[in-house]
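Text of final-v3.pdb (PDB, C-alpha atoms, pLDDT in the B column) as supplied:
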ATOM      1  CA  MET K   1     275.776 107.674  56.775  1.00 71.00           C
ATOM      2  CA  THR K   2     275.458 103.880  56.698  1.00 70.00           C
ATOM      3  CA  ARG K   3     276.275 102.441  53.283  1.00 80.00           C
ATOM      4  CA  LEU K   4     274.046  99.525  52.386  1.00 86.00           C
ATOM      5  CA  THR K   5     275.483  96.347  50.930  1.00 90.00           C
ATOM      6  CA  GLU K   6     273.552  94.241  48.442  1.00 90.00           C
ATOM      7  CA  VAL K   7     272.836  91.851  51.315  1.00 92.00           C
ATOM      8  CA  ASP K   8     271.397  94.725  53.389  1.00 92.00           C
ATOM      9  CA  ILE K   9     269.186  95.861  50.526  1.00 93.00           C
ATOM     10  CA  LYS K  10     267.845  92.379  49.785  1.00 93.00           C
ATOM     11  CA  ALA K  11     267.099  91.820  53.465  1.00 94.00           C
ATOM     12  CA  LEU K  12     265.252  95.135  53.840  1.00 96.00           C
ATOM     13  CA  ARG K  13     263.234  94.569  50.651  1.00 97.00           C
ATOM     14  CA  LYS K  14     261.904  91.303  52.072  1.00 97.00           C
ATOM     15  CA  ILE K  15     260.239  93.234  54.911  1.00 98.00           C
ATOM     16  CA  ASP K  16     257.072  95.282  54.377  1.00 98.00           C
ATOM     17  CA  THR K  17     256.977  98.929  55.417  1.00 98.00           C
ATOM     18  CA  PRO K  18     254.575  98.474  58.376  1.00 98.00           C
ATOM     19  CA  THR K  19     256.966  95.911  59.838  1.00 98.00           C
ATOM     20  CA  ILE K  20     259.882  98.290  59.288  1.00 98.00           C
ATOM     21  CA  CYS K  21     257.917 100.903  61.257  1.00 98.00           C
ATOM     22  CA  ASN K  22     257.474  98.392  64.107  1.00 97.00           C
ATOM     23  CA  LEU K  23     261.167  97.540  64.119  1.00 97.00           C
ATOM     24  CA  VAL K  24     262.290 101.177  64.077  1.00 97.00           C
ATOM     25  CA  GLU K  25     259.970 101.850  67.027  1.00 96.00           C
ATOM     26  CA  MET K  26     261.444  98.914  68.950  1.00 96.00           C
ATOM     27  CA  ILE K  27     264.967 100.191  68.345  1.00 96.00           C
ATOM     28  CA  ASP K  28     264.034 103.813  69.100  1.00 94.00           C
ATOM     29  CA  PRO K  29     260.680 104.138  70.950  1.00 92.00           C
ATOM     30  CA  GLY K  30     260.676 107.879  70.344  1.00 91.00           C
ATOM     31  CA  ARG K  31     260.049 107.201  66.652  1.00 92.00           C
ATOM     32  CA  GLN K  32     256.469 105.983  67.239  1.00 91.00           C
ATOM     33  CA  SER K  33     255.000 109.362  66.373  1.00 93.00           C
ATOM     34  CA  TYR K  34     257.072 110.618  63.433  1.00 96.00           C
ATOM     35  CA  GLY K  35     259.255 109.652  60.498  1.00 97.00           C
ATOM     36  CA  TYR K  36     256.592 108.033  58.305  1.00 98.00           C
ATOM     37  CA  THR K  37     253.748 109.023  55.974  1.00 98.00           C
ATOM     38  CA  PHE K  38     250.372 109.108  57.694  1.00 97.00           C
ATOM     39  CA  ARG K  39     248.043 110.130  54.879  1.00 96.00           C
ATOM     40  CA  HIS K  40     246.968 107.954  51.965  1.00 97.00           C
ATOM     41  CA  LEU K  41     249.290 107.695  48.966  1.00 98.00           C
ATOM     42  CA  HIS K  42     248.262 106.074  45.696  1.00 98.00           C
ATOM     43  CA  CYS K  43     250.650 103.195  44.997  1.00 98.00           C
ATOM     44  CA  VAL K  44     250.882 102.699  41.252  1.00 98.00           C
ATOM     45  CA  PHE K  45     252.371  99.203  41.522  1.00 98.00           C
ATOM     46  CA  PRO K  46     250.967  97.665  44.734  1.00 97.00           C
ATOM     47  CA  THR K  47     252.368  94.190  44.090  1.00 97.00           C
ATOM     48  CA  MET K  48     255.933  95.433  43.618  1.00 98.00           C
ATOM     49  CA  GLN K  49     258.464  94.458  46.268  1.00 98.00           C
ATOM     50  CA  PRO K  50     259.323  97.291  48.709  1.00 98.00           C
ATOM     51  CA  ILE K  51     261.888  99.819  47.524  1.00 98.00           C
ATOM     52  CA  VAL K  52     264.843 100.949  49.632  1.00 98.00           C
ATOM     53  CA  GLY K  53     267.212 103.810  48.928  1.00 97.00           C
ATOM     54  CA  TYR K  54     268.879 107.069  49.876  1.00 97.00           C
ATOM     55  CA  ALA K  55     266.683 110.141  49.551  1.00 98.00           C
ATOM     56  CA  LYS K  56     267.107 112.621  46.743  1.00 98.00           C
ATOM     57  CA  THR K  57     264.882 115.515  47.779  1.00 98.00           C
ATOM     58  CA  ALA K  58     263.216 118.309  45.832  1.00 98.00           C
ATOM     59  CA  THR K  59     260.304 120.726  45.882  1.00 98.00           C
ATOM     60  CA  ILE K  60     258.051 121.600  42.947  1.00 98.00           C
ATOM     61  CA  ARG K  61     255.180 123.853  41.905  1.00 97.00           C
ATOM     62  CA  ALA K  62     252.833 123.534  38.906  1.00 97.00           C
ATOM     63  CA  ARG K  63     250.008 126.060  39.274  1.00 96.00           C
ATOM     64  CA  VAL K  64     251.894 128.984  37.686  1.00 94.00           C
ATOM     65  CA  PRO K  65     254.823 129.204  35.233  1.00 93.00           C
ATOM     66  CA  VAL K  66     258.381 129.214  36.502  1.00 92.00           C
ATOM     67  CA  ALA K  67     259.912 132.658  37.004  1.00 90.00           C
ATOM     68  CA  ARG K  68     263.181 131.815  35.266  1.00 93.00           C
ATOM     69  CA  SER K  69     264.496 132.600  31.826  1.00 93.00           C
ATOM     70  CA  PRO K  70     264.979 129.670  29.433  1.00 93.00           C
ATOM     71  CA  GLU K  71     268.728 129.868  30.068  1.00 95.00           C
ATOM     72  CA  GLU K  72     268.228 129.861  33.823  1.00 96.00           C
ATOM     73  CA  SER K  73     265.843 126.922  33.556  1.00 95.00           C
ATOM     74  CA  THR K  74     268.366 124.931  31.555  1.00 96.00           C
ATOM     75  CA  ALA K  75     271.143 125.650  34.043  1.00 97.00           C
ATOM     76  CA  PHE K  76     268.888 124.733  36.968  1.00 97.00           C
ATOM     77  CA  ARG K  77     267.822 121.455  35.331  1.00 96.00           C
ATOM     78  CA  GLU K  78     271.436 120.506  34.674  1.00 98.00           C
ATOM     79  CA  ARG K  79     272.410 121.189  38.304  1.00 98.00           C
ATOM     80  CA  TYR K  80     269.471 119.064  39.415  1.00 98.00           C
ATOM     81  CA  LEU K  81     270.487 116.171  37.157  1.00 98.00           C
ATOM     82  CA  ASP K  82     274.036 116.356  38.520  1.00 98.00           C
ATOM     83  CA  TYR K  83     272.599 116.190  42.040  1.00 98.00           C
ATOM     84  CA  VAL K  84     270.418 113.159  41.325  1.00 98.00           C
ATOM     85  CA  GLY K  85     273.199 111.370  39.480  1.00 98.00           C
ATOM     86  CA  ASP K  86     275.693 111.909  42.293  1.00 97.00           C
ATOM     87  CA  GLY K  87     275.929 109.672  45.337  1.00 94.00           C
ATOM     88  CA  THR K  88     275.425 106.080  46.313  1.00 93.00           C
ATOM     89  CA  GLU K  89     272.735 103.859  44.842  1.00 95.00           C
ATOM     90  CA  PRO K  90     270.000 102.869  45.322  1.00 96.00           C
ATOM     91  CA  LYS K  91     268.143 106.180  45.493  1.00 98.00           C
ATOM     92  CA  ILE K  92     264.538 107.223  46.051  1.00 98.00           C
ATOM     93  CA  SER K  93     263.187 110.594  44.954  1.00 98.00           C
ATOM     94  CA  ILE K  94     261.169 112.391  47.640  1.00 99.00           C
ATOM     95  CA  VAL K  95     259.344 115.387  46.177  1.00 98.00           C
ATOM     96  CA  GLN K  96     257.135 117.871  48.000  1.00 98.00           C
ATOM     97  CA  ASP K  97     254.574 119.746  45.898  1.00 98.00           C
ATOM     98  CA  LEU K  98     254.350 123.243  47.409  1.00 98.00           C
ATOM     99  CA  ASP K  99     251.190 124.398  45.618  1.00 97.00           C
ATOM    100  CA  GLU K 100     248.237 125.237  47.877  1.00 96.00           C
ATOM    101  CA  GLN K 101     246.450 122.375  46.136  1.00 96.00           C
ATOM    102  CA  PRO K 102     249.198 119.822  45.458  1.00 97.00           C
ATOM    103  CA  GLY K 103     248.917 117.791  42.288  1.00 97.00           C
ATOM    104  CA  TYR K 104     247.758 120.507  39.902  1.00 96.00           C
ATOM    105  CA  GLY K 105     250.460 119.310  37.512  1.00 97.00           C
ATOM    106  CA  ALA K 106     252.182 115.918  37.454  1.00 98.00           C
ATOM    107  CA  LEU K 107     255.967 115.769  37.629  1.00 98.00           C
ATOM    108  CA  TRP K 108     256.086 112.006  37.297  1.00 98.00           C
ATOM    109  CA  GLY K 109     255.252 110.308  34.006  1.00 98.00           C
ATOM    110  CA  GLU K 110     256.952 108.467  31.164  1.00 98.00           C
ATOM    111  CA  VAL K 111     259.875 110.866  30.685  1.00 98.00           C
ATOM    112  CA  SER K 112     260.639 111.732  34.307  1.00 98.00           C
ATOM    113  CA  THR K 113     260.559 108.126  35.543  1.00 98.00           C
ATOM    114  CA  ASN K 114     262.908 106.981  32.783  1.00 98.00           C
ATOM    115  CA  VAL K 115     265.300 109.888  33.381  1.00 98.00           C
ATOM    116  CA  HIS K 116     265.463 109.220  37.108  1.00 98.00           C
ATOM    117  CA  LYS K 117     265.769 105.467  36.660  1.00 98.00           C
ATOM    118  CA  ALA K 118     268.795 106.061  34.418  1.00 98.00           C
ATOM    119  CA  LEU K 119     270.419 107.914  37.331  1.00 98.00           C
ATOM    120  CA  GLY K 120     269.904 105.078  39.831  1.00 98.00           C
ATOM    121  CA  VAL K 121     266.549 106.076  41.314  1.00 98.00           C
ATOM    122  CA  LYS K 122     264.221 103.179  42.182  1.00 98.00           C
ATOM    123  CA  GLY K 123     261.030 105.136  42.705  1.00 98.00           C
ATOM    124  CA  ALA K 124     259.411 108.319  43.945  1.00 98.00           C
ATOM    125  CA  VAL K 125     257.284 109.384  46.881  1.00 98.00           C
ATOM    126  CA  THR K 126     255.347 112.636  46.480  1.00 98.00           C
ATOM    127  CA  ASN K 127     252.304 114.461  47.764  1.00 98.00           C
ATOM    128  CA  GLY K 128     251.854 115.672  44.184  1.00 98.00           C
ATOM    129  CA  SER K 129     250.426 113.865  41.191  1.00 98.00           C
ATOM    130  CA  VAL K 130     251.570 111.248  38.686  1.00 98.00           C
ATOM    131  CA  ARG K 131     250.408 110.353  35.176  1.00 98.00           C
ATOM    132  CA  ASP K 132     251.278 108.153  32.153  1.00 97.00           C
ATOM    133  CA  LEU K 133     250.703 105.094  34.320  1.00 97.00           C
ATOM    134  CA  ASP K 134     250.970 102.665  31.383  1.00 97.00           C
ATOM    135  CA  MET K 135     254.270 104.203  30.276  1.00 98.00           C
ATOM    136  CA  VAL K 136     256.154 104.516  33.562  1.00 98.00           C
ATOM    137  CA  ALA K 137     259.715 103.140  33.517  1.00 98.00           C
ATOM    138  CA  LYS K 138     259.856  99.419  34.225  1.00 97.00           C
ATOM    139  CA  ASP K 139     260.344  98.467  37.897  1.00 97.00           C
ATOM    140  CA  PHE K 140     259.980 102.097  38.986  1.00 98.00           C
ATOM    141  CA  GLN K 141     257.624 102.525  41.932  1.00 98.00           C
ATOM    142  CA  LEU K 142     255.417 105.589  42.427  1.00 98.00           C
ATOM    143  CA  LEU K 143     253.600 106.635  45.598  1.00 98.00           C
ATOM    144  CA  ALA K 144     251.626 109.809  45.038  1.00 98.00           C
ATOM    145  CA  GLY K 145     248.968 111.989  46.567  1.00 98.00           C
ATOM    146  CA  LEU K 146     247.015 112.139  43.303  1.00 97.00           C
ATOM    147  CA  ILE K 147     246.704 110.665  39.839  1.00 98.00           C
ATOM    148  CA  ALA K 148     246.020 113.429  37.295  1.00 97.00           C
ATOM    149  CA  PRO K 149     246.365 113.916  33.516  1.00 97.00           C
ATOM    150  CA  SER K 150     248.279 117.192  33.039  1.00 97.00           C
ATOM    151  CA  ARG K 151     251.785 118.403  33.800  1.00 96.00           C
ATOM    152  CA  ALA K 152     250.527 122.020  33.851  1.00 97.00           C
ATOM    153  CA  HIS K 153     253.481 124.330  34.646  1.00 97.00           C
ATOM    154  CA  VAL K 154     255.354 121.804  36.777  1.00 97.00           C
ATOM    155  CA  HIS K 155     258.876 122.876  37.665  1.00 97.00           C
ATOM    156  CA  TYR K 156     261.463 122.314  40.378  1.00 97.00           C
ATOM    157  CA  CYS K 157     261.798 125.010  43.012  1.00 97.00           C
ATOM    158  CA  ASP K 158     264.700 123.607  45.017  1.00 98.00           C
ATOM    159  CA  PHE K 159     266.581 120.374  45.619  1.00 98.00           C
ATOM    160  CA  ALA K 160     268.841 118.775  48.246  1.00 98.00           C
ATOM    161  CA  CYS K 161     266.532 120.407  50.789  1.00 98.00           C
ATOM    162  CA  GLU K 162     264.328 119.314  53.663  1.00 98.00           C
ATOM    163  CA  VAL K 163     260.881 118.205  52.465  1.00 98.00           C
ATOM    164  CA  ASN K 164     257.709 116.920  54.049  1.00 98.00           C
ATOM    165  CA  VAL K 165     255.498 114.413  52.254  1.00 98.00           C
ATOM    166  CA  HIS K 166     252.272 113.546  54.056  1.00 98.00           C
ATOM    167  CA  GLY K 167     253.853 114.034  57.470  1.00 97.00           C
ATOM    168  CA  MET K 168     257.185 112.353  56.714  1.00 98.00           C
ATOM    169  CA  THR K 169     260.064 114.828  56.999  1.00 98.00           C
ATOM    170  CA  VAL K 170     263.014 113.843  54.835  1.00 98.00           C
ATOM    171  CA  ASN K 171     266.480 115.294  54.282  1.00 98.00           C
ATOM    172  CA  ASP K 172     268.940 114.566  51.516  1.00 98.00           C
ATOM    173  CA  GLY K 173     270.601 111.200  52.083  1.00 97.00           C
ATOM    174  CA  ASP K 174     268.030 109.809  54.543  1.00 97.00           C
ATOM    175  CA  LEU K 175     267.373 106.096  54.154  1.00 97.00           C
ATOM    176  CA  ILE K 176     263.844 105.417  52.886  1.00 98.00           C
ATOM    177  CA  HIS K 177     261.750 102.247  52.840  1.00 98.00           C
ATOM    178  CA  ALA K 178     258.471 102.314  50.898  1.00 98.00           C
ATOM    179  CA  ASP K 179     255.738 100.006  49.659  1.00 98.00           C
ATOM    180  CA  ARG K 180     251.979 100.108  49.028  1.00 98.00           C
ATOM    181  CA  HIS K 181     251.359 101.138  52.635  1.00 98.00           C
ATOM    182  CA  GLY K 182     253.475 104.309  52.473  1.00 98.00           C
ATOM    183  CA  ALA K 183     257.023 105.234  53.388  1.00 98.00           C
ATOM    184  CA  VAL K 184     259.265 105.521  56.448  1.00 98.00           C
ATOM    185  CA  VAL K 185     262.694 106.960  57.226  1.00 98.00           C
ATOM    186  CA  ILE K 186     265.036 104.333  58.686  1.00 97.00           C
ATOM    187  CA  PRO K 187     267.640 105.886  61.014  1.00 95.00           C
ATOM    188  CA  HIS K 188     271.053 104.939  59.653  1.00 91.00           C
ATOM    189  CA  ARG K 189     272.122 103.698  63.076  1.00 90.00           C
ATOM    190  CA  ALA K 190     269.214 101.219  63.104  1.00 93.00           C
ATOM    191  CA  VAL K 191     269.979  99.383  59.859  1.00 92.00           C
ATOM    192  CA  HIS K 192     272.194  96.672  61.280  1.00 90.00           C
ATOM    193  CA  GLU K 193     270.000  96.161  64.348  1.00 94.00           C
ATOM    194  CA  ILE K 194     266.925  95.345  62.253  1.00 95.00           C
ATOM    195  CA  PRO K 195     267.607  91.598  61.657  1.00 92.00           C
ATOM    196  CA  LYS K 196     268.086  90.949  65.380  1.00 93.00           C
ATOM    197  CA  VAL K 197     265.025  92.962  66.358  1.00 97.00           C
ATOM    198  CA  LEU K 198     262.962  91.306  63.605  1.00 97.00           C
ATOM    199  CA  ASP K 199     263.686  87.910  65.132  1.00 96.00           C
ATOM    200  CA  LEU K 200     262.708  89.197  68.586  1.00 97.00           C
ATOM    201  CA  MET K 201     259.476  90.729  67.295  1.00 97.00           C
ATOM    202  CA  ASN K 202     258.526  87.553  65.431  1.00 97.00           C
ATOM    203  CA  ARG K 203     259.062  85.432  68.544  1.00 97.00           C
ATOM    204  CA  LYS K 204     257.024  87.818  70.703  1.00 97.00           C
ATOM    205  CA  GLU K 205     254.166  87.960  68.209  1.00 97.00           C
ATOM    206  CA  ARG K 206     254.180  84.224  67.535  1.00 97.00           C
ATOM    207  CA  VAL K 207     253.130  83.452  71.099  1.00 97.00           C
ATOM    208  CA  ILE K 208     250.045  85.666  70.772  1.00 98.00           C
ATOM    209  CA  LEU K 209     249.186  84.596  67.229  1.00 98.00           C
ATOM    210  CA  ASP K 210     249.461  80.893  68.078  1.00 97.00           C
ATOM    211  CA  ALA K 211     247.036  81.404  70.945  1.00 97.00           C
ATOM    212  CA  ALA K 212     244.635  83.517  68.872  1.00 98.00           C
ATOM    213  CA  ARG K 213     244.562  80.933  66.075  1.00 97.00           C
ATOM    214  CA  SER K 214     244.161  77.907  68.302  1.00 96.00           C
ATOM    215  CA  PRO K 215     240.732  76.177  68.412  1.00 95.00           C
ATOM    216  CA  GLY K 216     238.639  77.263  71.349  1.00 95.00           C
ATOM    217  CA  CYS K 217     240.762  80.305  72.139  1.00 97.00           C
ATOM    218  CA  THR K 218     239.535  82.223  75.173  1.00 97.00           C
ATOM    219  CA  ALA K 219     240.232  85.601  76.735  1.00 98.00           C
ATOM    220  CA  GLU K 220     242.175  83.840  79.497  1.00 97.00           C
ATOM    221  CA  MET K 221     244.389  82.116  76.930  1.00 97.00           C
ATOM    222  CA  LEU K 222     245.067  85.455  75.244  1.00 98.00           C
ATOM    223  CA  LYS K 223     245.889  87.127  78.563  1.00 98.00           C
ATOM    224  CA  ALA K 224     248.409  84.374  79.299  1.00 98.00           C
ATOM    225  CA  ALA K 225     249.868  84.685  75.806  1.00 98.00           C
ATOM    226  CA  HIS K 226     250.358  88.449  76.208  1.00 98.00           C
ATOM    227  CA  ARG K 227     252.067  87.906  79.554  1.00 97.00           C
ATOM    228  CA  ALA K 228     254.341  85.262  78.024  1.00 98.00           C
ATOM    229  CA  SER K 229     255.129  87.541  75.085  1.00 97.00           C
ATOM    230  CA  ALA K 230     256.095  90.393  77.400  1.00 96.00           C
ATOM    231  CA  LYS K 231     258.691  88.161  79.053  1.00 96.00           C
ATOM    232  CA  ILE K 232     260.525  87.606  75.760  1.00 96.00           C
ATOM    233  CA  THR K 233     263.101  90.402  75.757  1.00 93.00           C
ATOM    234  CA  VAL K 234     266.161  88.907  74.046  1.00 90.00           C
TER
END

Could you quickly redo this structure as structure tokens?
Amino acid sequence: MTRLTEVDIKALRKIDTPTICNLVEMIDPGRQSYGYTFRHLHCVFPTMQPIVGYAKTATIRARVPVARSPEESTAFRERYLDYVGDGTEPKISIVQDLDEQPGYGALWGEVSTNVHKALGVKGAVTNGSVRDLDMVAKDFQLLAGLIAPSRAHVHYCDFACEVNVHGMTVNDGDLIHADRHGAVVIPHRAVHEIPKVLDLMNRKERVILDAARSPGCTAEMLKAAHRASAKITV
């Protein structure tokens, strides 16, 4: 697993998630069809800078009560908190709601966001619901399938497991980049290639954009710009 430095984190947070998707695809063309969310997620703080972190995964249900005794529930919660608190920061919580209709009860609200923030988590991505939007922990991002008022019977089913949130499959420790557009898994091997590939992508796109924005642009000018862009490979 690649360990991010503060410089790495700052650099990645300056790039929006769609651009990260482009860069990952350039580094590994096979990633064009997976590794990112492809259904709408409500972004609670759309103007917040992108978040970057190592995945802490879990599954939940909320439609029916948990089938554990109070003692078992306490022990499970304490194991979960140990799991979230362990490991390298920054972290992002990726939670899959397993109910047939996800979002029946909200896991994320005032208490849960503050608890997770205290353990080094920068935000959460879930197909479930969120609530308490005016009381969410400061600088804690939330991307969710739904916004709903009740917690219902919400409880954790498992953690440190493989999850899938709106098409994005995530395992414990995966590197996640997320903003108002959604989220993507960055392959660890790609992290240190991103700055170089970003420069290449910008130079390739600049040729086309300059042509498209020039007065009197024609189809012939755009064809020539695309051909010129294709020749830029390093």

Exercise for the section: Run the PyMOL selection byres ((chain K and resi 66-72) around 9) against the file shown and list the residues it catches, as a ChimeraX atom specification. Expected result: /K:61-62,64-65,73-77,153-157

Problem - Residues near Val234 (chain K), cut-off 12 Å, all atoms listed in the file, skip fewer than 3 positions along chain, as a list in words - result: Lys196, Val197, Leu198, Asp199, Leu200, Met201, Asn202, Arg203, Lys204, Ser229, Ala230 and Lys231 of chain K

Practice task
Run the PyMOL selection byres ((chain K and resi 170) around 9) against the file shown and list the residues it catches, as a list in words.
Solution key: Gly35, Ala55, Thr57, Ile94, Cys161, Glu162, Val163, Asn164, Val165, Met168, Thr169, Asn171, Asp172, Gly173, Asp174, Leu175, Ile176 and Val185 of chain K

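Take the candidates K:Val207, K:Leu23, K:Ile9, K:Val44 and check each one against Leu143 (chain K) using only C-alpha atoms; the shortest distance goes to K:Val44.
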
Taking the file above as input, evaluate the PyMOL selection byres ((chain K and resi 105) around 12) and report the hits as a JSON list (two decimals) with C-alpha atoms, keeping the file's coordinate frame.
[["chain", "number", "residue", "atom", "x", "y", "z"],
["K", 60, "ILE", "CA", 258.05, 121.60, 42.95],
["K", 61, "ARG", "CA", 255.18, 123.85, 41.90],
["K", 62, "ALA", "CA", 252.83, 123.53, 38.91],
["K", 63, "ARG", "CA", 250.01, 126.06, 39.27],
["K", 64, "VAL", "CA", 251.89, 128.98, 37.69],
["K", 65, "PRO", "CA", 254.82, 129.20, 35.23],
["K", 97, "ASP", "CA", 254.57, 119.75, 45.90],
["K", 98, "LEU", "CA", 254.35, 123.24, 47.41],
["K", 99, "ASP", "CA", 251.19, 124.40, 45.62],
["K", 101, "GLN", "CA", 246.45, 122.38, 46.14],
["K", 102, "PRO", "CA", 249.20, 119.82, 45.46],
["K", 103, "GLY", "CA", 248.92, 117.79, 42.29],
["K", 104, "TYR", "CA", 247.76, 120.51, 39.90],
["K", 106, "ALA", "CA", 252.18, 115.92, 37.45],
["K", 107, "LEU", "CA", 255.97, 115.77, 37.63],
["K", 108, "TRP", "CA", 256.09, 112.01, 37.30],
["K", 109, "GLY", "CA", 255.25, 110.31, 34.01],
["K", 127, "ASN", "CA", 252.30, 114.46, 47.76],
["K", 128, "GLY", "CA", 251.85, 115.67, 44.18],
["K", 129, "SER", "CA", 250.43, 113.86, 41.19],
["K", 130, "VAL", "CA", 251.57, 111.25, 38.69],
["K", 131, "ARG", "CA", 250.41, 110.35, 35.18],
["K", 145, "GLY", "CA", 248.97, 111.99, 46.57],
["K", 146, "LEU", "CA", 247.02, 112.14, 43.30],
["K", 147, "ILE", "CA", 246.70, 110.66, 39.84],
["K", 148, "ALA", "CA", 246.02, 113.43, 37.30],
["K", 149, "PRO", "CA", 246.36, 113.92, 33.52],
["K", 150, "SER", "CA", 248.28, 117.19, 33.04],
["K", 151, "ARG", "CA", 251.78, 118.40, 33.80],
["K", 152, "ALA", "CA", 250.53, 122.02, 33.85],
["K", 153, "HIS", "CA", 253.48, 124.33, 34.65],
["K", 154, "VAL", "CA", 255.35, 121.80, 36.78],
["K", 155, "HIS", "CA", 258.88, 122.88, 37.66],
["K", 156, "TYR", "CA", 261.46, 122.31, 40.38]]

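The nearest approach to Phe38 (chain K) among the residues K:Ala118, K:Val184, K:Val125, K:Ala58, with all atoms listed in the file taken into account, belongs to K:Val184.
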
Handout entry: Distance of CA of Ala124 (chain K) from CA of Leu142 (chain K), expressed in Å to one decimal place
Key = 5.1 Å
